[in-house]
$ cat data.csv   # CSV, N, CA and C atoms
chain,number,residue,atom,x,y,z
A,1,MET,N,-4.6,-5.7,-55.4
A,1,MET,CA,-5.5,-5.5,-54.3
A,1,MET,C,-6.8,-6.1,-54.5
A,2,GLY,N,-7.4,-6.8,-53.5
A,2,GLY,CA,-8.6,-7.5,-53.6
A,2,GLY,C,-9.8,-6.5,-53.5
A,3,PRO,N,-11.0,-7.0,-53.7
A,3,PRO,CA,-12.1,-6.1,-53.7
A,3,PRO,C,-12.4,-5.6,-52.2
A,4,GLY,N,-12.2,-4.3,-52.0
A,4,GLY,CA,-12.6,-3.6,-50.8
A,4,GLY,C,-11.9,-3.9,-49.5
A,5,GLY,N,-10.6,-4.2,-49.6
A,5,GLY,CA,-9.8,-4.5,-48.4
A,5,GLY,C,-8.3,-4.3,-48.5
A,6,PRO,N,-7.6,-4.3,-47.5
A,6,PRO,CA,-6.2,-4.1,-47.6
A,6,PRO,C,-5.5,-5.3,-48.3
A,7,PRO,N,-4.3,-5.1,-48.7
A,7,PRO,CA,-3.7,-6.1,-49.5
A,7,PRO,C,-3.4,-7.4,-48.8
A,8,ASP,N,-3.2,-7.3,-47.4
A,8,ASP,CA,-2.9,-8.5,-46.7
A,8,ASP,C,-4.0,-9.2,-46.0
A,9,VAL,N,-5.3,-9.0,-46.4
A,9,VAL,CA,-6.5,-9.6,-45.8
A,9,VAL,C,-6.4,-11.1,-46.0
A,10,GLY,N,-5.8,-11.6,-47.0
A,10,GLY,CA,-5.7,-13.0,-47.2
A,10,GLY,C,-4.8,-13.6,-46.2
A,11,LYS,N,-3.8,-12.9,-45.8
A,11,LYS,CA,-2.9,-13.4,-44.8
A,11,LYS,C,-3.6,-13.5,-43.4
A,12,MET,N,-4.3,-12.4,-43.2
A,12,MET,CA,-5.0,-12.4,-41.9
A,12,MET,C,-6.1,-13.5,-41.8
A,13,LEU,N,-6.7,-13.8,-42.9
A,13,LEU,CA,-7.7,-14.9,-42.8
A,13,LEU,C,-7.1,-16.3,-42.9
A,14,GLY,N,-5.8,-16.3,-43.0
A,14,GLY,CA,-5.1,-17.6,-43.1
A,14,GLY,C,-4.9,-18.2,-44.5
A,15,GLY,N,-5.0,-17.4,-45.5
A,15,GLY,CA,-4.8,-17.8,-46.8
A,15,GLY,C,-3.3,-18.1,-47.1
A,16,GLU,N,-2.5,-17.1,-46.9
A,16,GLU,CA,-1.0,-17.4,-47.1
A,16,GLU,C,-0.4,-17.4,-45.8
A,17,GLU,N,0.4,-18.4,-45.6
A,17,GLU,CA,1.1,-18.5,-44.3
A,17,GLU,C,2.5,-18.0,-44.4
A,18,LYS,N,3.0,-17.2,-43.5
A,18,LYS,CA,4.4,-16.7,-43.5
A,18,LYS,C,5.3,-17.9,-43.1
A,19,GLU,N,6.5,-17.8,-43.6
A,19,GLU,CA,7.5,-18.8,-43.3
A,19,GLU,C,7.9,-18.7,-41.9
A,20,GLU,N,8.0,-19.8,-41.2
A,20,GLU,CA,8.5,-19.9,-39.8
A,20,GLU,C,9.9,-19.5,-39.7
A,21,ASP,N,10.2,-18.6,-38.7
A,21,ASP,CA,11.6,-18.3,-38.5
A,21,ASP,C,12.2,-19.4,-37.7
A,22,PRO,N,13.4,-19.9,-38.2
A,22,PRO,CA,13.9,-21.1,-37.5
A,22,PRO,C,14.3,-20.8,-36.0
A,23,ASP,N,14.6,-19.5,-35.7
A,23,ASP,CA,15.0,-19.2,-34.4
A,23,ASP,C,13.8,-18.7,-33.5
A,24,ALA,N,12.6,-18.7,-34.1
A,24,ALA,CA,11.4,-18.2,-33.4
A,24,ALA,C,11.2,-18.9,-32.1
A,25,ALA,N,11.3,-20.3,-32.1
A,25,ALA,CA,11.0,-21.0,-30.9
A,25,ALA,C,12.0,-20.7,-29.8
A,26,SER,N,13.3,-20.5,-30.2
A,26,SER,CA,14.3,-20.2,-29.2
A,26,SER,C,14.1,-18.8,-28.7
A,27,LYS,N,13.7,-17.9,-29.6
A,27,LYS,CA,13.4,-16.5,-29.2
A,27,LYS,C,12.2,-16.4,-28.2
A,28,GLU,N,11.2,-17.1,-28.5
A,28,GLU,CA,10.0,-17.2,-27.7
A,28,GLU,C,10.4,-17.8,-26.3
A,29,GLU,N,11.2,-18.8,-26.3
A,29,GLU,CA,11.6,-19.4,-25.0
A,29,GLU,C,12.4,-18.4,-24.2
A,30,GLU,N,13.3,-17.7,-24.8
A,30,GLU,CA,14.1,-16.7,-24.1
A,30,GLU,C,13.2,-15.6,-23.6
A,31,ARG,N,12.2,-15.2,-24.4
A,31,ARG,CA,11.3,-14.1,-23.9
A,31,ARG,C,10.5,-14.6,-22.7
A,32,GLN,N,10.0,-15.8,-22.8
A,32,GLN,CA,9.2,-16.4,-21.6
A,32,GLN,C,10.1,-16.5,-20.4
A,33,GLU,N,11.4,-16.9,-20.6
A,33,GLU,CA,12.3,-17.0,-19.4
A,33,GLU,C,12.5,-15.6,-18.8
A,34,ALA,N,12.7,-14.6,-19.7
A,34,ALA,CA,12.9,-13.2,-19.2
A,34,ALA,C,11.7,-12.7,-18.4
A,35,LEU,N,10.5,-13.1,-18.9
A,35,LEU,CA,9.3,-12.7,-18.2
A,35,LEU,C,9.2,-13.3,-16.8
A,36,ARG,N,9.5,-14.6,-16.8
A,36,ARG,CA,9.5,-15.3,-15.5
A,36,ARG,C,10.5,-14.7,-14.5
A,37,GLN,N,11.7,-14.4,-15.0
A,37,GLN,CA,12.7,-13.8,-14.2
A,37,GLN,C,12.3,-12.5,-13.7
A,38,GLN,N,11.7,-11.6,-14.5
A,38,GLN,CA,11.2,-10.3,-14.1
A,38,GLN,C,10.1,-10.5,-13.0
A,39,GLU,N,9.2,-11.4,-13.2
A,39,GLU,CA,8.2,-11.7,-12.3
A,39,GLU,C,8.7,-12.1,-10.9
A,40,ASP,N,9.7,-13.0,-10.9
A,40,ASP,CA,10.4,-13.5,-9.7
A,40,ASP,C,11.0,-12.3,-9.0
A,41,GLU,N,11.7,-11.4,-9.7
A,41,GLU,CA,12.4,-10.3,-9.1
A,41,GLU,C,11.3,-9.3,-8.5
A,42,ARG,N,10.2,-9.1,-9.2
A,42,ARG,CA,9.1,-8.3,-8.7
A,42,ARG,C,8.6,-8.9,-7.4
A,43,LYS,N,8.3,-10.2,-7.4
A,43,LYS,CA,7.8,-10.8,-6.2
A,43,LYS,C,8.8,-10.7,-5.0
A,44,GLY,N,10.1,-10.9,-5.3
A,44,GLY,CA,11.1,-10.8,-4.3
A,44,GLY,C,11.2,-9.4,-3.7
A,45,LYS,N,11.1,-8.4,-4.6
A,45,LYS,CA,11.2,-7.0,-4.1
A,45,LYS,C,9.9,-6.7,-3.2
A,46,TYR,N,8.8,-7.2,-3.7
A,46,TYR,CA,7.5,-7.0,-2.9
A,46,TYR,C,7.6,-7.7,-1.5
A,47,ALA,N,8.1,-8.9,-1.5
A,47,ALA,CA,8.2,-9.6,-0.3
A,47,ALA,C,9.2,-8.9,0.7
A,48,LYS,N,10.3,-8.4,0.2
A,48,LYS,CA,11.2,-7.7,1.0
A,48,LYS,C,10.6,-6.4,1.6
A,49,MET,N,9.9,-5.7,0.7
A,49,MET,CA,9.2,-4.4,1.2
A,49,MET,C,8.2,-4.8,2.3
A,50,GLU,N,7.4,-5.8,2.1
A,50,GLU,CA,6.4,-6.2,3.0
A,50,GLU,C,7.0,-6.6,4.3
A,51,ALA,N,8.1,-7.3,4.3
A,51,ALA,CA,8.8,-7.7,5.5
A,51,ALA,C,9.3,-6.5,6.3
A,52,GLU,N,9.8,-5.5,5.6
A,52,GLU,CA,10.2,-4.3,6.2
A,52,GLU,C,9.0,-3.6,6.9
A,53,ARG,N,7.9,-3.5,6.2
A,53,ARG,CA,6.7,-2.8,6.7
A,53,ARG,C,6.2,-3.6,7.9
A,54,GLU,N,6.2,-4.9,7.9
A,54,GLU,CA,5.8,-5.7,9.0
A,54,GLU,C,6.7,-5.4,10.2
A,55,GLY,N,8.0,-5.3,10.0
A,55,GLY,CA,8.9,-5.0,11.1
A,55,GLY,C,8.6,-3.6,11.7
A,56,MET,N,8.3,-2.7,10.9
A,56,MET,CA,7.9,-1.3,11.4
A,56,MET,C,6.6,-1.4,12.2
A,57,ARG,N,5.6,-2.2,11.6
A,57,ARG,CA,4.3,-2.3,12.3
A,57,ARG,C,4.5,-3.0,13.7
A,58,GLN,N,5.3,-4.0,13.7
A,58,GLN,CA,5.5,-4.7,15.0
A,58,GLN,C,6.2,-3.8,16.0
A,59,GLY,N,7.1,-2.9,15.5
A,59,GLY,CA,7.8,-2.0,16.4
A,59,GLY,C,6.7,-1.0,17.0
A,60,ILE,N,5.8,-0.6,16.2
A,60,ILE,CA,4.7,0.3,16.7
A,60,ILE,C,3.8,-0.4,17.6
A,61,ARG,N,3.5,-1.7,17.3
A,61,ARG,CA,2.6,-2.4,18.2
A,61,ARG,C,3.3,-2.6,19.6
A,62,ASP,N,4.6,-2.9,19.5
A,62,ASP,CA,5.3,-3.1,20.8
A,62,ASP,C,5.4,-1.8,21.6
A,63,LYS,N,5.6,-0.7,20.9
A,63,LYS,CA,5.7,0.6,21.6
A,63,LYS,C,4.4,1.0,22.2
A,64,TYR,N,3.3,0.8,21.6
A,64,TYR,CA,2.0,1.3,22.1
A,64,TYR,C,1.2,0.2,22.7
A,65,GLY,N,1.7,-1.0,22.7
A,65,GLY,CA,0.9,-2.1,23.4
A,65,GLY,C,-0.3,-2.6,22.6
A,66,LEU,N,-0.2,-2.5,21.3
A,66,LEU,CA,-1.3,-2.9,20.4
A,66,LEU,C,-1.2,-4.3,20.0
A,67,LYS,N,-2.4,-4.9,19.6
A,67,LYS,CA,-2.4,-6.3,19.2
A,67,LYS,C,-2.5,-6.3,17.6
A,68,LYS,N,-2.1,-7.4,17.0
A,68,LYS,CA,-2.2,-7.5,15.6
A,68,LYS,C,-3.7,-7.5,15.2
A,69,ARG,N,-4.0,-7.0,14.1
A,69,ARG,CA,-5.4,-6.8,13.7
A,69,ARG,C,-6.1,-8.2,13.6
A,70,GLU,N,-5.4,-9.2,13.1
A,70,GLU,CA,-6.1,-10.6,13.0
A,70,GLU,C,-6.4,-11.1,14.4
A,71,GLU,N,-5.4,-10.9,15.4
A,71,GLU,CA,-5.6,-11.4,16.7
A,71,GLU,C,-6.8,-10.7,17.4
A,72,ALA,N,-6.8,-9.3,17.2
A,72,ALA,CA,-7.9,-8.5,17.8
A,72,ALA,C,-9.3,-8.9,17.3
A,73,GLU,N,-9.3,-9.1,15.9
A,73,GLU,CA,-10.6,-9.5,15.3
A,73,GLU,C,-11.0,-10.9,15.8
A,74,ALA,N,-10.0,-11.8,15.9
A,74,ALA,CA,-10.4,-13.2,16.4
A,74,ALA,C,-10.9,-13.2,17.8
A,75,GLU,N,-10.3,-12.3,18.7
A,75,GLU,CA,-10.8,-12.2,20.1
A,75,GLU,C,-12.2,-11.6,20.1
A,76,ALA,N,-12.4,-10.6,19.3
A,76,ALA,CA,-13.7,-9.9,19.2
A,76,ALA,C,-14.8,-10.9,18.8
A,77,ALA,N,-14.5,-11.7,17.7
A,77,ALA,CA,-15.4,-12.7,17.2
A,77,ALA,C,-15.7,-13.7,18.3
A,78,ALA,N,-14.7,-14.2,19.0
A,78,ALA,CA,-14.9,-15.2,20.0
A,78,ALA,C,-15.8,-14.6,21.2
A,79,ALA,N,-15.5,-13.4,21.5
A,79,ALA,CA,-16.3,-12.7,22.6
A,79,ALA,C,-17.8,-12.6,22.1
A,80,ALA,N,-18.0,-12.3,20.9
A,80,ALA,CA,-19.3,-12.0,20.4
A,80,ALA,C,-20.1,-13.4,20.3
A,81,GLU,N,-19.4,-14.5,20.0
A,81,GLU,CA,-20.1,-15.8,19.9
A,81,GLU,C,-20.3,-16.4,21.3
A,82,GLU,N,-19.5,-16.0,22.3
A,82,GLU,CA,-19.6,-16.7,23.6
A,82,GLU,C,-21.0,-16.5,24.3
A,83,PRO,N,-21.5,-15.3,24.4
A,83,PRO,CA,-22.8,-15.1,25.1
A,83,PRO,C,-23.9,-15.7,24.3
A,84,ALA,N,-23.8,-15.8,23.0
A,84,ALA,CA,-24.9,-16.2,22.1
A,84,ALA,C,-25.0,-17.7,22.1
A,85,GLU,N,-24.0,-18.4,22.6
A,85,GLU,CA,-23.9,-19.9,22.5
A,85,GLU,C,-25.2,-20.5,23.2
A,86,GLY,N,-25.9,-21.3,22.5
A,86,GLY,CA,-27.0,-22.0,23.0
A,86,GLY,C,-28.3,-21.2,22.9
A,87,SER,N,-28.2,-20.0,22.5
A,87,SER,CA,-29.4,-19.1,22.4
A,87,SER,C,-29.8,-18.9,21.0
A,88,LEU,N,-31.1,-18.9,20.7
A,88,LEU,CA,-31.5,-18.7,19.3
A,88,LEU,C,-31.8,-17.2,19.1
A,89,THR,N,-31.9,-16.4,20.1
A,89,THR,CA,-32.1,-15.0,20.0
A,89,THR,C,-30.9,-14.2,20.3
A,90,ARG,N,-30.8,-13.0,19.9
A,90,ARG,CA,-29.7,-12.2,20.2
A,90,ARG,C,-29.7,-11.8,21.7
A,91,PRO,N,-28.6,-11.5,22.2
A,91,PRO,CA,-28.6,-11.2,23.7
A,91,PRO,C,-29.3,-9.9,23.9
A,92,LYS,N,-29.9,-9.8,25.1
A,92,LYS,CA,-30.7,-8.6,25.5
A,92,LYS,C,-29.7,-7.5,25.9
A,93,LYS,N,-30.0,-6.3,25.5
A,93,LYS,CA,-29.2,-5.2,25.9
A,93,LYS,C,-29.4,-4.8,27.3
A,94,LEU,N,-28.3,-4.5,28.0
A,94,LEU,CA,-28.5,-4.1,29.4
A,94,LEU,C,-29.0,-2.7,29.5
A,95,VAL,N,-29.9,-2.4,30.4
A,95,VAL,CA,-30.4,-1.1,30.6
A,95,VAL,C,-29.4,-0.3,31.5
A,96,PRO,N,-29.0,0.9,31.0
A,96,PRO,CA,-28.1,1.7,31.7
A,96,PRO,C,-28.6,2.1,33.1
A,97,ALA,N,-27.7,2.3,34.0
A,97,ALA,CA,-28.1,2.6,35.4
A,97,ALA,C,-28.9,3.9,35.4
A,98,GLY,N,-30.0,4.0,36.1
A,98,GLY,CA,-30.8,5.2,36.2
A,98,GLY,C,-31.9,5.3,35.2
A,99,CYS,N,-32.0,4.3,34.3
A,99,CYS,CA,-33.0,4.3,33.3
A,99,CYS,C,-33.9,3.1,33.6
A,100,GLY,N,-35.2,3.3,33.8
A,100,GLY,CA,-36.1,2.3,33.9
A,100,GLY,C,-36.3,1.7,35.3
A,101,ASP,N,-35.6,2.2,36.3
A,101,ASP,CA,-35.9,1.7,37.6
A,101,ASP,C,-37.2,2.3,38.1
A,102,GLU,N,-38.1,1.4,38.5
A,102,GLU,CA,-39.5,1.8,38.9
A,102,GLU,C,-39.4,2.7,40.2
A,103,GLU,N,-38.5,2.3,41.1
A,103,GLU,CA,-38.4,3.1,42.3
A,103,GLU,C,-38.0,4.5,42.0
A,104,GLU,N,-37.0,4.6,41.1
A,104,GLU,CA,-36.5,6.0,40.8
A,104,GLU,C,-37.6,6.8,40.1
A,105,GLU,N,-38.4,6.1,39.2
A,105,GLU,CA,-39.5,6.8,38.5
A,105,GLU,C,-40.5,7.3,39.5
A,106,GLU,N,-40.8,6.5,40.5
A,106,GLU,CA,-41.8,7.0,41.6
A,106,GLU,C,-41.2,8.1,42.3
A,107,SER,N,-39.9,8.1,42.7
A,107,SER,CA,-39.4,9.3,43.4
A,107,SER,C,-39.4,10.5,42.6
A,108,ILE,N,-39.2,10.4,41.3
A,108,ILE,CA,-39.2,11.5,40.4
A,108,ILE,C,-40.7,12.1,40.4
A,109,MET,N,-41.6,11.2,40.3
A,109,MET,CA,-43.0,11.6,40.3
A,109,MET,C,-43.4,12.4,41.6
A,110,ASP,N,-42.9,11.8,42.7
A,110,ASP,CA,-43.2,12.5,44.0
A,110,ASP,C,-42.6,13.9,44.0
A,111,THR,N,-41.4,14.0,43.5
A,111,THR,CA,-40.7,15.3,43.4
A,111,THR,C,-41.5,16.3,42.5
A,112,VAL,N,-42.0,15.8,41.4
A,112,VAL,CA,-42.8,16.7,40.5
A,112,VAL,C,-44.1,17.1,41.2
A,113,MET,N,-44.7,16.1,41.9
A,113,MET,CA,-46.0,16.4,42.5
A,113,MET,C,-45.9,17.5,43.6
A,114,LYS,N,-44.7,17.6,44.2
A,114,LYS,CA,-44.6,18.6,45.3
A,114,LYS,C,-44.7,20.0,44.7
A,115,TYR,N,-44.2,20.2,43.4
A,115,TYR,CA,-44.2,21.5,42.9
A,115,TYR,C,-45.4,21.9,42.1
A,116,LEU,N,-46.4,20.9,41.9
A,116,LEU,CA,-47.6,21.2,41.2
A,116,LEU,C,-48.6,21.8,42.2
A,117,PRO,N,-49.5,22.7,41.6
A,117,PRO,CA,-50.6,23.2,42.5
A,117,PRO,C,-51.5,22.1,42.9
A,118,GLY,N,-52.3,22.3,44.0
A,118,GLY,CA,-53.2,21.3,44.5
A,118,GLY,C,-54.1,20.7,43.6
A,119,PRO,N,-54.9,21.5,42.7
A,119,PRO,CA,-55.8,20.8,41.8
A,119,PRO,C,-55.2,19.9,40.8
A,120,LEU,N,-54.0,20.3,40.3
A,120,LEU,CA,-53.3,19.4,39.4
A,120,LEU,C,-52.8,18.1,40.1
A,121,GLN,N,-52.4,18.2,41.3
A,121,GLN,CA,-51.9,17.0,42.1
A,121,GLN,C,-53.1,16.1,42.2
A,122,ASP,N,-54.3,16.6,42.5
A,122,ASP,CA,-55.5,15.7,42.6
A,122,ASP,C,-55.8,15.0,41.3
A,123,MET,N,-55.7,15.8,40.2
A,123,MET,CA,-56.0,15.2,38.9
A,123,MET,C,-55.0,14.1,38.5
A,124,LEU,N,-53.7,14.2,38.8
A,124,LEU,CA,-52.7,13.2,38.5
A,124,LEU,C,-52.7,12.0,39.4
A,125,LYS,N,-53.2,12.2,40.6
A,125,LYS,CA,-53.3,11.1,41.5
A,125,LYS,C,-54.4,10.1,41.1
A,126,LYS,N,-55.4,10.6,40.5
A,126,LYS,CA,-56.5,9.7,40.1
A,126,LYS,C,-56.0,8.8,39.0
$ encode --input "data.csv" --output "structure tokens"
Amino acid sequence: MGPGGPPDVGKMLGGEEKEEDPDAASKEEERQEALRQQEDERKGKYAKMEAEREGMRQGIRDKYGLKKREEAEAEAAAAAEEPAEGSLTRPKKLVPAGCGDEEEEESIMDTVMKYLPGPLQDMLKK
């Protein structure tokens, strides 16, 4: 044993090299081929499962009249870009009906004024 280490430290550091197994290259090649085959089987299985899922999704879309997510997102993006075309600012938000109409605000004030006592009506009219 060397000073302060396990007996095979020299091998780990590259001092003594182990003899090459003559079949090592063929074994490694077989192992790599087996790994590729397993990967291909896994991908095939996944593709088959995904195709089944897509068939189920399409059946549900047909049953309930839904669109594919990509199509719906594409339409939404096109609709969002359409009004903004040629404008550097974002589109103005529409004011809901009944909000902000000056005529309606005046009629509300008239209604409120009817129910106020005389002195308060005079103060608010000024």
$ atom_distance --input "data.csv" --atom1 "atom CA of Lys48 of chain A" --atom2 "atom C of Glu28 of chain A"
29.1 Å
$ atom_distance --input "data.csv" --atom1 "atom N of Leu124 of chain A" --atom2 "atom C of Met109 of chain A"
10.8 Å
$ atom_distance --input "data.csv" --atom1 "atom CA of Arg42 of chain A" --atom2 "atom CA of Asp23 of chain A"
28.5 Å
$ residues_around --input "data.csv" --residues "Lys125 of chain A" --least-positions-apart "5" --cutoff "12 Å" --atoms "only C-alpha atoms" --output "PyMOL selection string"
chain A and resi 109-110+112-113+116+118-120
$ write_last_selection --input "data.csv" --atoms "N, CA and C atoms" --output "JSON list (two decimals), in the coordinates of the input"
[["chain", "number", "residue", "atom", "x", "y", "z"],
["A", 109, "MET", "N", -41.60, 11.20, 40.30],
["A", 109, "MET", "CA", -43.00, 11.60, 40.30],
["A", 109, "MET", "C", -43.40, 12.40, 41.60],
["A", 110, "ASP", "N", -42.90, 11.80, 42.70],
["A", 110, "ASP", "CA", -43.20, 12.50, 44.00],
["A", 110, "ASP", "C", -42.60, 13.90, 44.00],
["A", 112, "VAL", "N", -42.00, 15.80, 41.40],
["A", 112, "VAL", "CA", -42.80, 16.70, 40.50],
["A", 112, "VAL", "C", -44.10, 17.10, 41.20],
["A", 113, "MET", "N", -44.70, 16.10, 41.90],
["A", 113, "MET", "CA", -46.00, 16.40, 42.50],
["A", 113, "MET", "C", -45.90, 17.50, 43.60],
["A", 116, "LEU", "N", -46.40, 20.90, 41.90],
["A", 116, "LEU", "CA", -47.60, 21.20, 41.20],
["A", 116, "LEU", "C", -48.60, 21.80, 42.20],
["A", 118, "GLY", "N", -52.30, 22.30, 44.00],
["A", 118, "GLY", "CA", -53.20, 21.30, 44.50],
["A", 118, "GLY", "C", -54.10, 20.70, 43.60],
["A", 119, "PRO", "N", -54.90, 21.50, 42.70],
["A", 119, "PRO", "CA", -55.80, 20.80, 41.80],
["A", 119, "PRO", "C", -55.20, 19.90, 40.80],
["A", 120, "LEU", "N", -54.00, 20.30, 40.30],
["A", 120, "LEU", "CA", -53.30, 19.40, 39.40],
["A", 120, "LEU", "C", -52.80, 18.10, 40.10]]
$ build_atoms --input "data.csv" --residues "segment 31-46 of chain A" --atoms "N, CA, C and O atoms" --output "CSV table (one decimal), in the coordinates of the input"
chain,number,residue,atom,x,y,z
A,31,ARG,N,12.2,-15.2,-24.4
A,31,ARG,CA,11.3,-14.1,-23.9
A,31,ARG,C,10.5,-14.6,-22.7
A,31,ARG,O,10.3,-13.9,-21.7
A,32,GLN,N,10.0,-15.8,-22.8
A,32,GLN,CA,9.2,-16.4,-21.6
A,32,GLN,C,10.1,-16.5,-20.4
A,32,GLN,O,9.6,-16.2,-19.3
A,33,GLU,N,11.4,-16.9,-20.6
A,33,GLU,CA,12.3,-17.0,-19.4
A,33,GLU,C,12.5,-15.6,-18.8
A,33,GLU,O,12.6,-15.4,-17.6
A,34,ALA,N,12.7,-14.6,-19.7
A,34,ALA,CA,12.9,-13.2,-19.2
A,34,ALA,C,11.7,-12.7,-18.4
A,34,ALA,O,11.8,-12.1,-17.4
A,35,LEU,N,10.5,-13.1,-18.9
A,35,LEU,CA,9.3,-12.7,-18.2
A,35,LEU,C,9.2,-13.3,-16.8
A,35,LEU,O,8.8,-12.7,-15.8
A,36,ARG,N,9.5,-14.6,-16.8
A,36,ARG,CA,9.5,-15.3,-15.5
A,36,ARG,C,10.5,-14.7,-14.5
A,36,ARG,O,10.2,-14.5,-13.3
A,37,GLN,N,11.7,-14.4,-15.0
A,37,GLN,CA,12.7,-13.8,-14.2
A,37,GLN,C,12.3,-12.5,-13.7
A,37,GLN,O,12.5,-12.2,-12.5
A,38,GLN,N,11.7,-11.6,-14.5
A,38,GLN,CA,11.2,-10.3,-14.1
A,38,GLN,C,10.1,-10.5,-13.0
A,38,GLN,O,10.1,-9.7,-12.0
A,39,GLU,N,9.2,-11.4,-13.2
A,39,GLU,CA,8.2,-11.7,-12.3
A,39,GLU,C,8.7,-12.1,-10.9
A,39,GLU,O,8.3,-11.7,-9.9
A,40,ASP,N,9.7,-13.0,-10.9
A,40,ASP,CA,10.4,-13.5,-9.7
A,40,ASP,C,11.0,-12.3,-9.0
A,40,ASP,O,11.0,-12.2,-7.8
A,41,GLU,N,11.7,-11.4,-9.7
A,41,GLU,CA,12.4,-10.3,-9.1
A,41,GLU,C,11.3,-9.3,-8.5
A,41,GLU,O,11.5,-8.8,-7.4
A,42,ARG,N,10.2,-9.1,-9.2
A,42,ARG,CA,9.1,-8.3,-8.7
A,42,ARG,C,8.6,-8.9,-7.4
A,42,ARG,O,8.4,-8.2,-6.4
A,43,LYS,N,8.3,-10.2,-7.4
A,43,LYS,CA,7.8,-10.8,-6.2
A,43,LYS,C,8.8,-10.7,-5.0
A,43,LYS,O,8.4,-10.5,-3.9
A,44,GLY,N,10.1,-10.9,-5.3
A,44,GLY,CA,11.1,-10.8,-4.3
A,44,GLY,C,11.2,-9.4,-3.7
A,44,GLY,O,11.3,-9.3,-2.5
A,45,LYS,N,11.1,-8.4,-4.6
A,45,LYS,CA,11.2,-7.0,-4.1
A,45,LYS,C,9.9,-6.7,-3.2
A,45,LYS,O,10.0,-6.1,-2.2
A,46,TYR,N,8.8,-7.2,-3.7
A,46,TYR,CA,7.5,-7.0,-2.9
A,46,TYR,C,7.6,-7.7,-1.5
A,46,TYR,O,7.2,-7.1,-0.5
